[in-house]
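Presented below is the structure to which this report refers.
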Amino acid sequence: MTVRALIAGFGLSITLCTGALTTACAAVPGATDAYGAFAFSSQDGGRLLVREVAGETKLKRPENIKTALCSDGQRLKIRFLHRQIERENSGHENSENFDLLEGSVFKVVGAKADPEKDCFVASEAMLAGSAALPVKASSPPGACVQREKFATLRGRGVAQCWPFVRLGTTAEIAFLEFTRLPNEVLASFVLSNKSRTIFKDYPAAVFDGEFTWRVEDGGEFHPEAFHIVFALQRGDTFFIGLRWDGEGSYFSLLKSARGSRFVEVGSGSQYCCS
């Protein structure tokens, strides 16, 4: 199943990718040699698969990728094995169908991957000069102590703030929902440290006559559906792998741009559970 098909199944707003309802999700590549790609493990943890479907971007030089970054700080050595074709399967993108799905297969060298964890096969270019940041749950109020600052920066009241995680020793992440307007409903992922405040916006879309982020959310934003896959820092630049759960999972690679915004430079999807 492609990212676009998955989003149609979710009823997700196309704003996940670009912030613009009229722009297709394909604007965000799934796999690139510049950054890498999201992957999942075989049942025995000995291999990783990057889903690469016809019509979507693929790794052109997968043999150059040597490292996988996985949930809970796991870092694995990997090497490219081969590309495999799609064969008849249940449609679920999980370890049980690993050998039946199209994509690039990597062998895990040494310690095994945990099949229950998410991974990202990372390019040497992204890793160069980057430090992995430990990820821990925030202790309330976390970044929400700066609620008034966030409202001032965006020129809009903060209706709700949820502390999320702490990266390393200095950066805090929270989710915000801003005061709802008649024609706009907006949530944001925000990272704050001593020198910067960086936002990734998630505008809601109108679905069945109401604003919603996903068809099943009842018009409410659910920050507990988000999970950090990995976090890197190189100078003032952050790279964050993020998973958003629902009927399936949507993955995004966020890179902090100059100024106060994250840019989505990679994406992925996994339809695994229904």
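Just so we're on the same page: first chain in the structure tokens is A, next is B, and so on; residues restart at 1 for each chain, and ligands are numbered from 1 in the order they show up.
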| task | Fewer than 4 positions away in the same chain doesn't count, so skip those; otherwise give me all residues within 8 Å of segment 107-123 of chain A, counting only C-alpha atoms, as a ChimeraX atom specification. | result | /A:33-48,64-71,76-81,95,127,229,241
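Every protein or nucleic acid residue with an atom no more than 6 Å from segment 201-204 of chain A, counting only C-alpha atoms and leaving out same-chain residues fewer than 6 positions away, appears here: Val185, Leu186, Ala187, Ser188, Phe211, Thr212 and Trp213 of chain A.
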| request: Give me the residues within 10 Å of Pro140 of chain A as JSON, numbers by chain, counting only C-alpha atoms and dropping any in the same chain fewer than 3 places off. | output: {"A": [137, 143, 144, 145, 162, 163, 164, 165]}
| message | Give me the residues near His222 of chain A as a list of chain:residue names, where near means some atom within 12 Å (using only C-alpha atoms) and where sequence neighbours in that chain fewer than 2 positions away do not count. | response | A:Gln160, A:Cys161, A:Trp162, A:Phe164, A:Phe175, A:Leu176, A:Glu177, A:Ala187, A:Ser188, A:Phe189, A:Tyr202, A:Thr212, A:Trp213, A:Arg214, A:Glu216, A:Asp217, A:Gly218, A:Gly219, A:Glu220, A:Glu224, A:Ala225, A:Phe226, A:His227, A:Trp244, A:Asp245, A:Gly246
Output for the residues just chosen: N, CA and C atoms as a CSV table (one decimal), in the first residue's frame:
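Result file follows (out.csv):
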```csv
chain,number,residue,atom,x,y,z
A,160,GLN,N,-4.4,24.3,24.5
A,160,GLN,CA,-3.9,23.2,25.2
A,160,GLN,C,-2.4,23.0,24.9
A,161,CYS,N,-1.7,22.5,26.0
A,161,CYS,CA,-0.3,22.2,25.8
A,161,CYS,C,0.0,20.9,26.5
A,162,TRP,N,0.7,20.0,25.8
A,162,TRP,CA,1.0,18.7,26.3
A,162,TRP,C,2.5,18.5,26.3
A,164,PHE,N,5.9,16.5,26.1
A,164,PHE,CA,6.1,15.3,25.3
A,164,PHE,C,7.4,14.6,25.7
A,175,PHE,N,3.4,19.3,22.5
A,175,PHE,CA,2.4,19.5,21.4
A,175,PHE,C,1.5,20.6,21.9
A,176,LEU,N,1.0,21.4,21.0
A,176,LEU,CA,0.1,22.5,21.3
A,176,LEU,C,-1.1,22.4,20.4
A,177,GLU,N,-2.2,22.8,21.0
A,177,GLU,CA,-3.4,23.2,20.1
A,177,GLU,C,-3.7,24.6,20.4
A,187,ALA,N,-2.8,22.4,15.3
A,187,ALA,CA,-2.0,21.9,16.4
A,187,ALA,C,-0.5,22.0,15.9
A,188,SER,N,0.4,21.9,16.8
A,188,SER,CA,1.8,22.0,16.5
A,188,SER,C,2.7,21.2,17.4
A,189,PHE,N,3.7,20.7,16.8
A,189,PHE,CA,4.8,20.0,17.5
A,189,PHE,C,5.9,21.1,17.7
A,202,TYR,N,0.5,21.2,12.3
A,202,TYR,CA,-0.5,20.1,11.8
A,202,TYR,C,-1.9,20.8,11.8
A,212,THR,N,-10.9,17.9,11.5
A,212,THR,CA,-10.3,16.7,12.1
A,212,THR,C,-8.9,16.5,11.6
A,213,TRP,N,-8.1,15.8,12.4
A,213,TRP,CA,-6.8,15.4,11.9
A,213,TRP,C,-6.8,14.0,11.3
A,214,ARG,N,-7.6,13.1,11.8
A,214,ARG,CA,-7.8,11.8,11.3
A,214,ARG,C,-9.3,11.5,11.5
A,216,GLU,N,-10.8,9.1,12.7
A,216,GLU,CA,-11.2,8.4,13.9
A,216,GLU,C,-11.0,9.3,15.1
A,217,ASP,N,-10.6,10.6,15.0
A,217,ASP,CA,-10.2,11.3,16.2
A,217,ASP,C,-11.3,12.1,16.9
A,218,GLY,N,-12.5,12.1,16.3
A,218,GLY,CA,-13.6,12.8,16.9
A,218,GLY,C,-13.4,14.3,17.0
A,219,GLY,N,-12.5,14.8,16.1
A,219,GLY,CA,-12.3,16.3,16.1
A,219,GLY,C,-11.3,16.7,17.2
A,220,GLU,N,-10.7,15.7,17.9
A,220,GLU,CA,-9.7,16.0,19.0
A,220,GLU,C,-8.3,15.6,18.6
A,224,GLU,N,-0.8,11.6,22.3
A,224,GLU,CA,-0.3,10.2,22.8
A,224,GLU,C,-0.1,9.3,21.6
A,225,ALA,N,-0.6,9.6,20.4
A,225,ALA,CA,-0.4,8.8,19.2
A,225,ALA,C,1.0,9.0,18.6
A,226,PHE,N,1.8,10.0,19.1
A,226,PHE,CA,3.1,10.2,18.5
A,226,PHE,C,4.2,9.6,19.3
A,227,HIS,N,5.2,9.2,18.5
A,227,HIS,CA,6.4,8.5,19.2
A,227,HIS,C,7.7,8.9,18.4
A,244,TRP,N,3.4,8.6,13.8
A,244,TRP,CA,2.0,9.0,14.2
A,244,TRP,C,1.1,7.8,14.0
A,245,ASP,N,0.6,7.2,15.1
A,245,ASP,CA,-0.2,6.0,15.0
A,245,ASP,C,-1.7,6.3,14.8
A,246,GLY,N,-2.4,5.3,14.2
A,246,GLY,CA,-3.8,5.3,14.0
A,246,GLY,C,-4.2,3.9,13.5
```
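Of all the residues in segment 92-190 of chain A, the ones DSSP labels as helix (DSSP H, G or I) from the backbone are Ser95, Glu96, Asn97, Phe98, Asp99, Leu100, Glu124, Ala125, Met126, Leu127, Gly142, Ala143, Cys144, Val145, Gln146, Arg147, Glu148, Lys149, Phe150, Ala151, Thr152, Leu153 and Arg154 of chain A.
The spacing separating atom CA of Ser192 of chain A from atom CA of Ser130 of chain A amounts to 18.6 Å.
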| Nearest to Arg51 of chain A among A:Gly73, A:Pro134, A:Pro29, A:Gly103, with distances taken over only C-alpha atoms: which residue is it? | A:Gly103
| query | Among segment 111-198 of chain A, which ones does DSSP place in strand (DSSP E or B), written as a ChimeraX atom specification? | reply | /A:119-122,131-132,135-137,158-167,171-178,181,184,186-192,197-198
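Counting only C-alpha atoms and comparing A:Ala54, A:Ala174, A:Leu153, A:Met126, the residue that lies closest to Phe239 of chain A is A:Met126.
Interatomic distance, atom CA of Gly168 of chain A against atom CA of Phe221 of chain A: 26.4 Å.
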Distance query Val158 of chain A at most 8 Å, only C-alpha atoms, self and fewer than 6 positions along chain excluded, as an mmCIF file with N, CA and C atoms, in the first residue's frame:
```
data_model
loop_
_atom_site.group_PDB
_atom_site.id
_atom_site.type_symbol
_atom_site.label_atom_id
_atom_site.label_comp_id
_atom_site.auth_asym_id
_atom_site.auth_seq_id
_atom_site.Cartn_x
_atom_site.Cartn_y
_atom_site.Cartn_z
ATOM 1 N N ARG A 147 4.324 28.315 27.662
ATOM 2 C CA ARG A 147 3.055 28.431 26.943
ATOM 3 C C ARG A 147 2.795 29.857 26.444
ATOM 4 N N GLU A 148 3.018 30.846 27.292
ATOM 5 C CA GLU A 148 2.776 32.233 26.886
ATOM 6 C C GLU A 148 3.753 32.662 25.799
ATOM 7 N N PHE A 150 5.033 30.691 23.472
ATOM 8 C CA PHE A 150 4.565 30.094 22.219
ATOM 9 C C PHE A 150 3.411 30.906 21.632
ATOM 10 N N ALA A 151 2.494 31.341 22.486
ATOM 11 C CA ALA A 151 1.358 32.135 22.022
ATOM 12 C C ALA A 151 1.829 33.449 21.414
ATOM 13 N N LEU A 176 1.043 21.380 20.978
ATOM 14 C CA LEU A 176 0.148 22.491 21.267
ATOM 15 C C LEU A 176 -1.102 22.380 20.420
ATOM 16 N N GLU A 177 -2.207 22.818 20.969
ATOM 17 C CA GLU A 177 -3.355 23.152 20.125
ATOM 18 C C GLU A 177 -3.678 24.610 20.383
ATOM 19 N N PHE A 178 -3.719 25.374 19.291
ATOM 20 C CA PHE A 178 -3.991 26.796 19.405
ATOM 21 C C PHE A 178 -5.498 27.053 19.472
ATOM 22 N N THR A 179 -5.854 28.231 19.921
ATOM 23 C CA THR A 179 -7.255 28.613 19.994
ATOM 24 C C THR A 179 -7.910 28.416 18.631
#
```
| remark: re atom CA of Val265 of chain A and atom CA of Gln146 of chain A: distance 27.4 Å
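Counting only C-alpha atoms and comparing A:Asp236, A:Phe230, A:Arg166, A:Gly155, the residue that lies closest to Ser195 of chain A is A:Asp236.
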